[in-house]
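Structure, as structure tokens:
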Amino acid sequence: MVIFKESQTITHYLDQLRAAGQTIGFVPTMGAIHAGHLSLVKEARKATDTVVCSIFVNPTQFNDPEDLKKYPVRTAEDIGLLTDGGTDILFLPTLAEIYPEGYHQLETYPFGTLEHKLEGAFRPGHFQGVAQVVARLLKTIHPDILFMGQKDFQQTLIIKELLNFVKVNTKLVVCPILRESDGLAMSSRNVRLSPDARKRAPLIQEELKKIKEGFLIRPLDQLIREAKDKLGKNGFAVEYLVVTDEKLNLVKGPQPGTLICLVAARIAGIRLIDNIILDPVGGDHH
Ligand code: AMP
């Protein structure tokens, strides 16, 4: 795996590969690499000739300074995992490399209401921060395909919009959520869970699955109330637990089109998110 720290150098290197006919897949991360990240690398390996990952803990997307301070940094281990996972190139920029002009008067993008819903409501400014860093990374890497996880569902909607604003010829591929054997969605923040919180954390997915199973046969408001109660009784502070259409508009019950159940909850101070796609109304149950 080749490691680059400077934007100019990696851009030049990738230009040469592109000129030689190679397609480029890109997996941006904030490090503390886990199997979920590596599943994106694997998808990129299958679909493109050269796989580029980045590790950059982007300060502009953290609305909570404590969360930023405590974000796990494990670069040496990450390099080993990404190498074994089939990454060809790692971009490891410094803060100054991404934000040479500092954080003042950064660009903003017109995402409309999408950026203020769900995650946006609980993490003000988060999605502008995500967009600022992803736009800069896209302009540096110019990937043919960008690989992102369904785990951050709202983020994938924001990035789809961003791709219309940033003049790069990049396609977005959204990859499924990788889970621990007990169902907890993999996340870099999971290492911060206390042993007790870690034991309880799989309840999030269990409740999502119950909603998926009951959705076509029981009133949705009742299902959501039960799930929130169960989580609350088990030490979770639920921020939101909703069923929406694919544009994040709340729905009241089954309706045609893709529907998704999304949740954010804190346990012992750690914020976890997860989601599940519901079976289509009148469709097959796979
Ligand atoms: P992060 O390092 O948390 O910013 O995540 C980098 C990328 O990995 C994002 O596109 C995430 O959606 C994706 N990702 C994070 N966790 C998982 C997971 N459990 N399964 C699949 N993809 C994931």
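If you're wondering about the labels, chains in the structure tokens are A, B, ... by order shown, residues count from 1 in each chain, ligands from 1 in order shown.
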- For ligand 1, collect every residue having any atom at a distance of at most 6 Å from a ligand atom (counting only C-alpha atoms and all ligand atoms); output as number ranges by chain. A: 28-31, 36-37, 148-152, 176-179, 185-187
Let me see the file: selected residues, all heavy atoms, as a short mmCIF file (atom, residue, chain, number, x, y, z; two decimals), in the first residue's frame.
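Ended up saving to again06.cif:
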data_model
loop_
_atom_site.label_atom_id
_atom_site.label_comp_id
_atom_site.auth_asym_id
_atom_site.auth_seq_id
_atom_site.Cartn_x
_atom_site.Cartn_y
_atom_site.Cartn_z
N PRO A 28 -13.64 6.86 1.76
CA PRO A 28 -13.21 7.81 2.80
C PRO A 28 -13.59 7.30 4.19
O PRO A 28 -14.71 6.79 4.38
CB PRO A 28 -13.99 9.09 2.47
CG PRO A 28 -15.15 8.66 1.63
CD PRO A 28 -14.83 7.33 1.02
N THR A 29 -12.69 7.44 5.16
CA THR A 29 -12.98 7.02 6.53
C THR A 29 -12.38 8.03 7.51
O THR A 29 -11.59 8.89 7.13
CB THR A 29 -12.36 5.64 6.89
OG1 THR A 29 -10.98 5.84 7.25
CG2 THR A 29 -12.45 4.65 5.74
N MET A 30 -12.79 7.85 8.78
CA MET A 30 -12.15 8.63 9.85
C MET A 30 -11.23 7.72 10.68
O MET A 30 -10.86 8.06 11.81
CB MET A 30 -13.21 9.28 10.73
CG MET A 30 -14.05 10.27 9.92
SD MET A 30 -14.78 11.56 10.92
CE MET A 30 -15.79 10.58 12.00
N GLY A 31 -10.87 6.57 10.13
CA GLY A 31 -9.93 5.69 10.82
C GLY A 31 -10.60 4.84 11.89
O GLY A 31 -11.81 4.70 11.90
N GLY A 36 -16.41 -3.24 8.95
CA GLY A 36 -17.37 -2.49 8.13
C GLY A 36 -16.64 -1.68 7.07
O GLY A 36 -17.00 -1.71 5.89
N HIS A 37 -15.59 -0.97 7.48
CA HIS A 37 -14.78 -0.23 6.50
C HIS A 37 -14.19 -1.20 5.46
O HIS A 37 -14.18 -0.91 4.27
CB HIS A 37 -13.60 0.47 7.19
CG HIS A 37 -14.01 1.52 8.19
ND1 HIS A 37 -13.62 1.47 9.51
CD2 HIS A 37 -14.74 2.65 8.07
CE1 HIS A 37 -14.09 2.53 10.15
NE2 HIS A 37 -14.78 3.26 9.30
N MET A 148 -19.74 4.14 0.10
CA MET A 148 -20.13 4.58 1.44
C MET A 148 -21.10 3.58 2.04
O MET A 148 -21.73 2.80 1.32
CB MET A 148 -20.74 5.97 1.39
CG MET A 148 -19.78 7.00 0.82
SD MET A 148 -20.35 8.69 1.08
CE MET A 148 -19.31 9.16 2.44
N GLY A 149 -21.25 3.62 3.37
CA GLY A 149 -22.06 2.63 4.06
C GLY A 149 -23.50 3.10 4.31
O GLY A 149 -23.72 4.26 4.65
N GLN A 150 -24.42 2.17 4.19
CA GLN A 150 -25.84 2.42 4.52
C GLN A 150 -26.00 2.74 6.01
O GLN A 150 -26.99 3.33 6.43
CB GLN A 150 -26.68 1.20 4.15
CG GLN A 150 -28.17 1.35 4.44
CD GLN A 150 -28.86 0.02 4.58
OE1 GLN A 150 -28.62 -0.89 3.76
NE2 GLN A 150 -29.70 -0.13 5.59
N LYS A 151 -25.01 2.34 6.80
CA LYS A 151 -25.01 2.66 8.24
C LYS A 151 -25.30 4.14 8.46
O LYS A 151 -26.03 4.51 9.37
CB LYS A 151 -23.64 2.29 8.81
CG LYS A 151 -23.28 2.90 10.13
CD LYS A 151 -23.58 1.96 11.23
CE LYS A 151 -23.43 2.57 12.61
NZ LYS A 151 -22.37 3.53 12.76
N ASP A 152 -24.69 4.98 7.63
CA ASP A 152 -24.92 6.43 7.70
C ASP A 152 -25.87 6.82 6.56
O ASP A 152 -25.47 7.48 5.60
CB ASP A 152 -23.59 7.17 7.59
CG ASP A 152 -22.65 6.77 8.71
OD1 ASP A 152 -22.76 7.34 9.80
OD2 ASP A 152 -21.81 5.87 8.51
N PRO A 176 -24.03 -2.42 2.23
CA PRO A 176 -24.82 -2.83 3.40
C PRO A 176 -24.08 -2.67 4.73
O PRO A 176 -22.86 -2.57 4.76
CB PRO A 176 -25.12 -4.31 3.14
CG PRO A 176 -24.38 -4.71 1.93
CD PRO A 176 -23.78 -3.51 1.28
N ILE A 177 -24.86 -2.67 5.81
CA ILE A 177 -24.30 -2.49 7.16
C ILE A 177 -23.66 -3.79 7.64
O ILE A 177 -24.32 -4.83 7.66
CB ILE A 177 -25.42 -2.10 8.16
CG1 ILE A 177 -26.16 -0.86 7.69
CG2 ILE A 177 -24.85 -1.93 9.57
CD1 ILE A 177 -27.35 -0.46 8.56
N LEU A 178 -22.41 -3.73 8.02
CA LEU A 178 -21.77 -4.91 8.62
C LEU A 178 -21.99 -4.88 10.12
O LEU A 178 -21.88 -3.82 10.75
CB LEU A 178 -20.26 -4.93 8.31
CG LEU A 178 -19.83 -6.32 7.89
CD1 LEU A 178 -20.22 -6.59 6.46
CD2 LEU A 178 -18.35 -6.52 8.10
N ARG A 179 -22.29 -6.06 10.68
CA ARG A 179 -22.64 -6.15 12.10
C ARG A 179 -21.75 -7.11 12.86
O ARG A 179 -21.19 -8.02 12.27
CB ARG A 179 -24.11 -6.61 12.23
CG ARG A 179 -25.08 -5.66 11.60
CD ARG A 179 -26.51 -6.12 11.69
NE ARG A 179 -27.35 -5.12 11.04
CZ ARG A 179 -27.75 -3.98 11.61
NH1 ARG A 179 -27.40 -3.74 12.86
NH2 ARG A 179 -28.46 -3.11 10.95
N ALA A 185 -24.37 -2.89 14.97
CA ALA A 185 -23.73 -2.35 13.77
C ALA A 185 -22.30 -1.94 14.12
O ALA A 185 -22.06 -1.27 15.13
CB ALA A 185 -24.51 -1.15 13.26
N MET A 186 -21.34 -2.36 13.30
CA MET A 186 -19.94 -2.00 13.56
C MET A 186 -19.77 -0.50 13.46
O MET A 186 -20.35 0.15 12.59
CB MET A 186 -19.03 -2.70 12.58
CG MET A 186 -18.93 -4.16 12.86
SD MET A 186 -17.74 -4.94 11.79
CE MET A 186 -17.90 -6.63 12.36
N SER A 187 -18.97 0.04 14.37
CA SER A 187 -18.71 1.48 14.39
C SER A 187 -17.41 1.73 15.14
O SER A 187 -17.09 1.00 16.10
CB SER A 187 -19.86 2.20 15.10
OG SER A 187 -19.44 3.51 15.47
#
List every residue of stretch 132-215 of chain A that has an atom at most 12 Å from any atom of stretch 80-102 of chain A, giving for each one its closest atom pair and the distance in Å to one decimal, counting only C-alpha atoms, sorted by chain and then by ascending residue number, as a Markdown table.
| residue | atom | partner | partner_atom | distance |
| --- | --- | --- | --- | --- |
| A:Gln132 | CA | A:Ile98 | CA | 9.5 |
| A:Val133 | CA | A:Ile98 | CA | 7.5 |
| A:Val134 | CA | A:Ile98 | CA | 10.2 |
| A:Ala135 | CA | A:Ile98 | CA | 10.3 |
| A:Arg136 | CA | A:Ile98 | CA | 7.0 |
| A:Leu137 | CA | A:Ile98 | CA | 8.0 |
| A:Leu138 | CA | A:Ile98 | CA | 11.5 |
| A:Lys139 | CA | A:Ile98 | CA | 10.9 |
| A:Thr140 | CA | A:Ile98 | CA | 9.7 |
| A:Ile141 | CA | A:Phe91 | CA | 9.1 |
- Per DSSP on the backbone, filter stretch 97-258 of chain A down to the residues in helix (DSSP H, G or I) and report them as a ChimeraX atom specification. /A:97-98,112-116,119-122,126-141,150-165,188-192,195-200,203-214,220-233
- Task: Could you check how far atom CA of A:Val242 sits from atom CA of A:Cys261, in Å to one decimal?
- Result: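 Straight-line distance from atom CA of A:Val242 to atom CA of A:Cys261 works out to 5.6 Å.
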- Task: Within 10 Å of stretch 119-127 of chain A, counting only C-alpha atoms, which residues show up once you throw out same-chain ones fewer than 3 positions away? Write them as an NGL selection string, please.
- Result: :A and (59-64 or 108-109 or 111 or 113-116 or 130-133 or 152-155 or 158-159 or 239-240 or 262-264 or 273)
- Would you mind writing down, as a ChimeraX atom specification, each residue of stretch 29-268 of chain A that DSSP on the backbone assigns to strand (DSSP E or B)? /A:29,50-55,89-91,145-149,171-175,179,185,236-245,250,259-267
- Query: Can you list, as a ChimeraX atom specification, every protein, DNA or RNA residue that comes within 9 Å of A:Ile277 when you count only C-alpha atoms, leaving out same-chain residues fewer than 3 positions away?
  - Reply: /A:212,258-262,280
- Distance query A:Arg198 at most 12 Å, only C-alpha atoms, self and fewer than 4 positions along chain excluded, as a ChimeraX atom specification: /A:180,182-187,189-194,202-204,234-236,266-268,270,272
- Message: Please compute the atom CA of A:Leu172-atom CA of A:Val41 distance, one decimal, in Å.
- Response: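 Interatomic distance here is 13.8 Å.
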- Task: Determine the nearest neighbour of A:Leu118 from the options A:Cys175, A:Leu248, A:Ala20, A:Leu231, counting only C-alpha atoms.
- Result: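 For A:Leu118, the nearest of the candidates is A:Leu248.
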- Message: One decimal, in Å: what's the spacing between atom CA of A:Ile276 and atom CA of A:Lys171?
- Response: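 These two atoms are separated by 23.1 Å.
The shortest atom-to-atom distance to A:Glu43, with only C-alpha atoms taken into account, belongs to A:Phe26 out of A:Phe26, A:Phe215, A:Tyr71, A:Tyr13.
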